[in-house]
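As provided, model-v6.txt (compact mmCIF, C-alpha atoms) reads as follows.
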# COMPACT_ATOMS: atom_id res chain seq x y z
CA MET A 1 -17.61 34.19 15.89
CA LEU A 2 -18.53 30.58 15.21
CA SER A 3 -19.50 31.27 11.61
CA GLU A 4 -18.16 33.49 8.90
CA PRO A 5 -19.82 36.92 9.00
CA ARG A 6 -21.84 37.73 5.91
CA SER A 7 -19.89 40.96 5.56
CA GLY A 8 -16.71 38.91 5.56
CA ARG A 9 -17.95 36.74 2.71
CA LEU A 10 -19.02 39.81 0.74
CA ALA A 11 -15.65 41.50 1.30
CA ALA A 12 -13.56 38.41 0.47
CA TRP A 13 -15.40 37.25 -2.64
CA GLY A 14 -16.11 40.80 -3.75
CA ASN A 15 -12.38 41.50 -3.64
CA ALA A 16 -11.70 38.34 -5.65
CA LEU A 17 -14.26 39.46 -8.22
CA LEU A 18 -12.84 42.98 -8.43
CA ALA A 19 -9.39 41.48 -8.98
CA GLY A 20 -10.69 39.34 -11.82
CA LEU A 21 -9.93 36.07 -10.01
CA VAL A 22 -13.49 34.69 -9.98
CA SER A 23 -16.58 35.05 -12.14
CA PRO A 24 -19.60 37.08 -10.97
CA ASP A 25 -21.67 33.90 -10.67
CA ASP A 26 -19.06 32.15 -8.53
CA ALA A 27 -18.66 35.21 -6.32
CA VAL A 28 -22.40 35.54 -5.73
CA VAL A 29 -22.82 31.83 -4.95
CA SER A 30 -20.04 32.04 -2.34
CA ILE A 31 -21.38 35.26 -0.82
CA VAL A 32 -24.96 33.99 -0.52
CA GLY A 33 -23.91 30.64 0.93
CA ASP A 34 -26.85 28.91 2.59
CA ASP A 35 -29.08 31.99 2.46
CA ALA A 36 -32.08 32.06 0.13
CA GLY A 37 -30.97 35.25 -1.57
CA HIS A 38 -29.29 38.63 -1.24
CA ARG A 39 -30.34 42.02 -2.62
CA MET A 40 -28.89 45.51 -2.32
CA GLU A 41 -30.84 48.73 -1.96
CA GLY A 42 -29.83 52.38 -1.92
CA LEU A 43 -27.25 52.05 -4.69
CA PRO A 44 -26.62 55.31 -6.54
CA GLY A 45 -28.29 55.11 -9.93
CA GLU A 46 -30.77 52.43 -8.90
CA SER A 47 -34.37 53.22 -7.95
CA GLY A 48 -34.95 50.08 -5.90
CA PRO A 49 -33.39 46.86 -4.63
CA VAL A 50 -31.29 44.92 -7.14
CA GLY A 51 -29.74 41.47 -7.22
CA LEU A 52 -26.22 40.94 -5.98
CA THR A 53 -24.70 40.33 -9.41
CA LEU A 54 -25.98 43.66 -10.69
CA ALA A 55 -25.06 45.37 -7.42
CA LEU A 56 -21.42 44.24 -7.57
CA GLY A 57 -21.19 45.43 -11.17
CA ARG A 58 -22.68 48.78 -10.20
CA LEU A 59 -20.18 49.18 -7.36
CA ARG A 60 -17.33 48.57 -9.77
CA ALA A 61 -18.78 51.17 -12.16
CA LEU A 62 -18.98 53.64 -9.26
CA GLY A 63 -15.22 53.31 -8.74
CA VAL A 64 -15.05 50.69 -6.01
CA THR A 65 -11.70 48.89 -6.16
CA GLY A 66 -11.80 46.99 -2.88
CA LEU A 67 -14.01 46.01 0.04
CA ARG A 68 -13.12 46.16 3.72
CA LEU A 69 -14.78 44.36 6.62
CA ALA A 70 -15.92 46.12 9.79
CA LEU A 71 -16.87 44.21 12.96
CA PRO A 72 -17.88 46.88 15.47
CA ALA A 73 -19.04 46.26 19.03
CA PRO A 74 -20.23 48.65 21.76
CA GLY A 75 -17.38 50.98 22.60
CA HIS A 76 -15.23 49.60 19.78
CA PRO A 77 -16.04 50.91 16.25
CA LEU A 78 -13.65 48.40 14.65
CA GLY A 79 -13.20 49.07 10.94
CA LEU A 80 -15.56 52.05 10.78
CA SER A 81 -14.78 55.58 9.65
CA GLY A 82 -18.12 57.39 10.02
CA PRO A 83 -20.36 59.25 9.65
CA PRO A 84 -22.37 58.59 12.84
CA GLU A 85 -25.44 57.47 10.90
CA PHE A 86 -23.54 54.69 9.15
CA ASN A 87 -21.66 53.74 12.31
CA ALA A 88 -24.92 53.38 14.23
CA ARG A 89 -26.42 51.14 11.56
CA ALA A 90 -23.27 49.02 11.44
CA MET A 91 -23.07 48.85 15.23
CA GLU A 92 -26.63 47.52 15.37
CA ALA A 93 -25.84 44.84 12.78
CA GLU A 94 -22.43 44.16 14.40
CA GLU A 95 -20.87 44.07 10.92
CA ALA A 96 -20.53 46.06 7.71
CA VAL A 97 -18.53 46.44 4.52
CA VAL A 98 -16.75 49.69 3.68
CA CYS A 99 -15.93 50.32 0.02
CA HIS A 100 -12.50 51.45 -1.09
CA GLY A 101 -12.51 53.83 -4.06
CA ALA A 102 -16.01 55.21 -3.43
CA ALA A 103 -17.49 56.72 -0.27
CA LEU A 104 -20.04 53.95 0.25
CA GLY A 105 -20.71 51.38 2.93
CA LEU A 106 -22.92 48.29 3.06
CA VAL A 107 -24.83 47.02 6.08
CA PRO A 108 -26.75 43.72 6.02
CA GLU A 109 -30.29 43.34 7.31
CA VAL A 110 -31.35 39.72 7.79
CA TYR A 111 -34.90 38.45 7.39
CA GLU A 112 -36.08 34.97 8.40
CA ALA A 113 -39.32 33.39 7.20
CA GLY A 114 -40.96 29.97 7.16
CA PRO A 115 -42.07 27.38 9.70
CA ASP A 116 -39.78 25.67 12.19
CA GLY A 117 -37.49 23.30 10.39
CA ASP A 118 -37.92 25.09 7.08
CA VAL A 119 -36.73 28.61 7.80
CA HIS A 120 -35.13 30.48 4.92
CA VAL A 121 -32.98 33.57 5.25
CA GLU A 122 -32.93 36.57 2.97
CA VAL A 123 -30.49 39.47 3.25
CA VAL A 124 -30.87 43.07 2.15
CA TRP A 125 -27.66 45.09 1.96
CA HIS A 126 -28.27 48.78 2.65
CA CYS A 127 -25.89 51.03 0.71
CA LEU A 128 -25.11 54.22 2.63
CA PRO A 129 -22.62 57.08 2.38
CA VAL A 130 -19.45 56.82 4.48
CA ARG A 131 -16.62 59.15 5.38
CA GLU A 132 -13.40 58.61 3.46
CA ALA A 133 -10.96 58.14 6.32
CA PRO A 134 -8.75 55.35 7.70
CA PRO A 135 -10.78 52.57 9.36
CA ALA A 136 -10.69 52.50 13.15
CA ASP A 137 -8.30 50.21 15.05
CA VAL A 138 -7.43 47.76 12.27
CA PRO A 139 -4.04 46.08 12.83
CA SER A 140 -1.65 44.73 10.22
CA LEU A 141 -1.54 40.99 9.67
CA GLY A 142 1.73 40.77 11.57
CA GLU A 143 0.34 42.66 14.55
CA ALA A 144 -2.82 40.55 14.52
CA GLU A 145 -0.87 37.29 14.48
CA ARG A 146 1.27 38.34 17.45
CA GLU A 147 -1.77 39.52 19.40
CA LEU A 148 -3.61 36.25 18.73
CA ALA A 149 -0.77 34.08 20.00
CA GLU A 150 -0.58 36.10 23.22
CA ALA A 151 -4.36 36.17 23.66
CA LEU A 152 -4.70 32.41 23.23
CA ARG A 153 -1.99 31.72 25.80
CA ASP A 154 -3.33 34.23 28.34
CA ALA A 155 -6.96 33.19 27.93
CA THR A 156 -6.20 29.49 28.31
CA GLU A 157 -4.25 30.17 31.49
CA VAL A 158 -6.92 32.36 33.05
CA LEU A 159 -9.86 30.16 32.05
CA SER A 160 -8.11 27.04 33.31
CA ARG A 161 -7.43 28.74 36.65
CA LEU A 162 -11.11 29.65 36.93
CA ASP A 163 -12.15 26.09 35.98
CA VAL A 164 -14.15 27.20 32.97
CA ALA A 165 -15.39 24.35 30.78
CA ALA A 166 -14.20 26.05 27.62
CA SER A 167 -10.56 25.58 28.56
CA GLY A 168 -10.48 21.80 28.87
CA PRO A 169 -10.61 18.69 26.67
CA VAL A 170 -14.28 19.20 25.77
CA ALA A 171 -13.37 22.55 24.25
CA GLU A 172 -10.43 21.04 22.41
CA ALA A 173 -12.71 18.37 20.93
CA ALA A 174 -15.17 21.04 19.85
CA VAL A 175 -12.39 23.04 18.22
CA ASP A 176 -11.12 19.98 16.35
CA ALA A 177 -14.64 19.11 15.15
CA TYR A 178 -15.24 22.67 14.04
CA ARG A 179 -11.95 22.74 12.14
CA ALA A 180 -12.77 19.45 10.40
CA ARG A 181 -16.18 20.75 9.33
CA ALA A 182 -14.63 23.95 8.08
CA GLU A 183 -12.03 22.11 6.03
CA ARG A 184 -14.68 19.88 4.44
CA GLY A 185 -17.31 22.52 3.88
CA ARG A 186 -15.75 25.74 2.68
CA GLU A 187 -12.72 27.53 1.38
CA VAL A 188 -11.09 29.88 3.87
CA LEU A 189 -11.23 33.42 2.49
CA ALA A 190 -11.18 33.61 -1.34
CA PRO A 191 -8.70 33.47 -4.22
CA GLY A 192 -6.06 36.18 -4.05
CA TYR A 193 -5.55 36.24 -0.28
CA PRO A 194 -2.04 35.59 1.07
CA PRO A 195 -1.41 32.42 3.13
CA ARG A 196 -0.70 34.52 6.20
CA ALA A 197 -4.21 35.99 6.04
CA VAL A 198 -5.67 32.47 5.96
CA ARG A 199 -3.54 31.47 8.95
CA VAL A 200 -4.57 34.56 10.94
CA LEU A 201 -8.26 34.04 10.17
CA GLU A 202 -8.17 30.37 11.19
CA LEU A 203 -6.55 31.24 14.52
CA ALA A 204 -9.02 34.08 15.08
CA GLN A 205 -11.91 31.68 14.48
CA ARG A 206 -10.42 29.19 16.94
CA ILE A 207 -10.19 31.89 19.60
CA GLY A 208 -13.73 33.00 18.79
CA LEU A 209 -14.94 29.44 19.32
CA LEU A 210 -13.23 29.23 22.71
CA VAL A 211 -14.87 32.49 23.78
CA SER A 212 -18.28 31.29 22.58
CA LEU A 213 -17.91 27.98 24.41
CA ALA A 214 -17.00 29.79 27.61
CA GLN A 215 -20.03 32.06 27.27
CA GLU A 216 -22.44 29.24 26.39
CA ASN A 217 -21.43 26.84 29.16
CA GLY A 218 -22.92 28.81 31.99
CA HIS A 219 -20.64 29.80 34.83
CA GLY A 220 -18.42 26.70 34.74
CA GLY A 221 -16.61 26.42 38.04
CA ALA A 222 -16.83 30.15 38.74
CA VAL A 223 -19.21 30.21 41.70
CA SER A 224 -18.55 33.65 43.15
CA SER A 225 -19.37 36.98 41.59
CA ALA A 226 -15.68 37.88 41.79
CA GLU A 227 -14.73 34.77 39.80
CA MET A 228 -17.48 35.43 37.25
CA ALA A 229 -16.26 39.00 36.87
CA ALA A 230 -12.69 37.77 36.46
CA ARG A 231 -13.74 35.41 33.67
CA ALA A 232 -15.67 38.16 31.88
CA GLU A 233 -12.64 40.42 32.24
CA ALA A 234 -10.43 37.68 30.77
CA LEU A 235 -12.74 37.07 27.81
CA ARG A 236 -13.28 40.72 26.87
CA PRO A 237 -9.80 41.47 25.51
CA VAL A 238 -9.57 38.03 23.90
CA GLU A 239 -12.81 38.57 21.99
CA ARG A 240 -11.58 42.02 20.94
CA VAL A 241 -8.27 40.61 19.66
CA GLY A 242 -10.14 37.95 17.71
CA ARG A 243 -12.36 40.50 16.00
CA ARG A 244 -9.37 42.71 15.17
CA ALA A 245 -7.60 39.73 13.63
CA GLN A 246 -10.61 38.77 11.52
CA VAL A 247 -10.81 42.29 10.14
CA ALA A 248 -7.06 42.34 9.44
CA ALA A 249 -7.32 39.05 7.52
CA TYR A 250 -10.29 40.03 5.38
CA ASN A 251 -8.87 43.48 4.65
CA SER A 252 -5.33 42.34 3.89
CA VAL A 253 -5.61 42.38 0.08
CA VAL A 254 -6.89 45.97 0.11
CA GLU A 255 -4.20 47.04 2.56
CA GLU A 256 -1.47 45.40 0.46
CA ARG A 257 -2.76 47.07 -2.69
CA GLU A 258 -2.69 50.45 -0.95
CA ARG A 259 0.91 49.88 0.12
CA GLY A 260 1.86 48.81 -3.42
CA VAL A 261 2.76 45.26 -2.39
CA ARG A 262 0.85 43.89 -5.36

Show me, as structure tokens, the structure contained in the file I just sent.
Amino acid sequence: MLSEPRSGRLAAWGNALLAGLVSPDDAVVSIVGDDAGHRMEGLPGESGPVGLTLALGRLRALGVTGLRLALPAPGHPLGLSGPPEFNARAMEAEEAVVCHGAALGLVPEVYEAGPDGDVHVEVVWHCLPVREAPPADVPSLGEAERELAEALRDATEVLSRLDVAASGPVAEAAVDAYRARAERGREVLAPGYPPRAVRVLELAQRIGLLVSLAQENGHGGAVSSAEMAARAEALRPVERVGRRAQVAAYNSVVEERERGVR
């Protein structure tokens, strides 16, 4: 969770485009980011892969009015609604976009090419049929914010007790550096998102960074199998809460539109 998922960028900037808040060119530039290029294949009415600008226009013509993020993990089909074929593809990619207004879903497949030091990334979005049903386990922004505050407090307490490196000053420095880079290098979410969604996403990313640091720094001070198991048990619900909050933030404009808030 150290970087913004590609499906999150597609959902956020696609929603801004569908709302008329950004131009197609600006949306595509923000979605592609540092990748070499994105294409979409399997779109109804198209015989082969097409560029992202054309793809977004085609989705709008097919009736798509919003885009939702899904961040599934084994045993947790977060944001998915089926069918099994789409869920399996999304589970393998660990992310997907589900269209609102048309029974379609988008799963990224990432290709890397080039020598060391000059690797470029290309992405193909596979457009597949989905079941029109409520997405699984997605909280409201308010629920996500409350869960995040509790998860951060509980995780810090448990990880500190287990003497895990990710709970000390080194982790805090890494979080501060990450936040500074994020503020310099990108806009959080996209135009049209409420401030609360931005706040929830930033906190979810902070928690995701703490989890990643704990996982990357070996076993820390946990020397027994019991302590290692306790740390894994502590991290599992925290990581789950962070993913739920990310999905709630990215999906908030679609959820508000459905409730008639806007």

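Distance-wise, CA of Val254 in chain A and CA of Asn15 in chain A end up 8.0 Å apart.
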
Requested in this report: Using only C-alpha atoms, find all polymer residues with an atom at most 12 Å away from the point (-8.9, 53.9, 5.6); report them as a PyMOL selection string.
Outcome: chain A and resi 66-70+78-82+98-103+130-139+251+254-255+258-259

Let me know the centre plus edge lengths, in Å and rounded to one decimal, of a box with edges along x, y and z that contains all listed atoms of range 188-205 of chain A and is padded by 4 Å on every side, as AutoDock Vina command-line options.
--center_x -6.3 --center_y 33.1 --center_z 5.4 --size_x 19.2 --size_y 14.4 --size_z 27.3

Sorted per-residue table, range 94-140 of chain A near range 33-54 of chain A, closest atoms and distance, 6 Å, all atoms listed in the file, as a Markdown table:
| residue | atom | partner | partner_atom | distance |
| --- | --- | --- | --- | --- |
| A:His120 | CA | A:Ala36 | CA | 5.9 |
| A:Val121 | CA | A:Asp35 | CA | 5.0 |
| A:Glu122 | CA | A:Gly37 | CA | 5.1 |
| A:Val123 | CA | A:His38 | CA | 4.7 |
| A:Val124 | CA | A:Arg39 | CA | 4.9 |
| A:Trp125 | CA | A:Met40 | CA | 4.5 |
| A:His126 | CA | A:Glu41 | CA | 5.3 |
| A:Cys127 | CA | A:Gly42 | CA | 4.9 |

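The gap separating CA of Ala12 in chain A from CA of Ser30 in chain A is 9.5 Å, in Å to one decimal.
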
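Across the structure, CA of Glu256 in chain A and CA of Gly57 in chain A are spaced 22.9 Å apart.
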
Query raised in the report: Of the candidates A:Ile207, A:Ala245, A:Val29, A:Val198, which shows the shortest atom-to-atom distance to Glu147 in chain A, using all atoms listed in the file?
Result: A:Ala245

Writing C-alpha atoms and nothing else, produce range 190-214 of chain A as an mmCIF file, in the first residue's frame.
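Final output, saved to out08.cif:
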data_model
loop_
_atom_site.group_PDB
_atom_site.id
_atom_site.type_symbol
_atom_site.label_atom_id
_atom_site.label_comp_id
_atom_site.auth_asym_id
_atom_site.auth_seq_id
_atom_site.Cartn_x
_atom_site.Cartn_y
_atom_site.Cartn_z
ATOM 1 C CA ALA A 190 -8.886 13.961 -8.039
ATOM 2 C CA PRO A 191 -11.149 16.995 -8.440
ATOM 3 C CA GLY A 192 -14.640 16.449 -7.085
ATOM 4 C CA TYR A 193 -13.745 14.358 -4.039
ATOM 5 C CA PRO A 194 -14.824 15.624 -0.599
ATOM 6 C CA PRO A 195 -12.123 16.670 1.910
ATOM 7 C CA ARG A 196 -13.103 13.808 4.197
ATOM 8 C CA ALA A 197 -12.251 11.294 1.461
ATOM 9 C CA VAL A 198 -8.801 12.867 1.110
ATOM 10 C CA ARG A 199 -8.288 12.693 4.876
ATOM 11 C CA VAL A 200 -9.364 9.040 5.027
ATOM 12 C CA LEU A 201 -7.113 8.072 2.125
ATOM 13 C CA GLU A 202 -4.078 9.804 3.623
ATOM 14 C CA LEU A 203 -4.566 7.999 6.936
ATOM 15 C CA ALA A 204 -5.097 4.680 5.151
ATOM 16 C CA GLN A 205 -1.837 5.180 3.258
ATOM 17 C CA ARG A 206 -0.014 5.967 6.505
ATOM 18 C CA ILE A 207 -1.301 2.746 8.053
ATOM 19 C CA GLY A 208 -0.377 0.847 4.900
ATOM 20 C CA LEU A 209 3.167 2.194 5.161
ATOM 21 C CA LEU A 210 3.455 1.074 8.787
ATOM 22 C CA VAL A 211 2.290 -2.424 7.837
ATOM 23 C CA SER A 212 4.755 -2.563 4.936
ATOM 24 C CA LEU A 213 7.632 -1.415 7.143
ATOM 25 C CA ALA A 214 6.796 -4.082 9.703
#
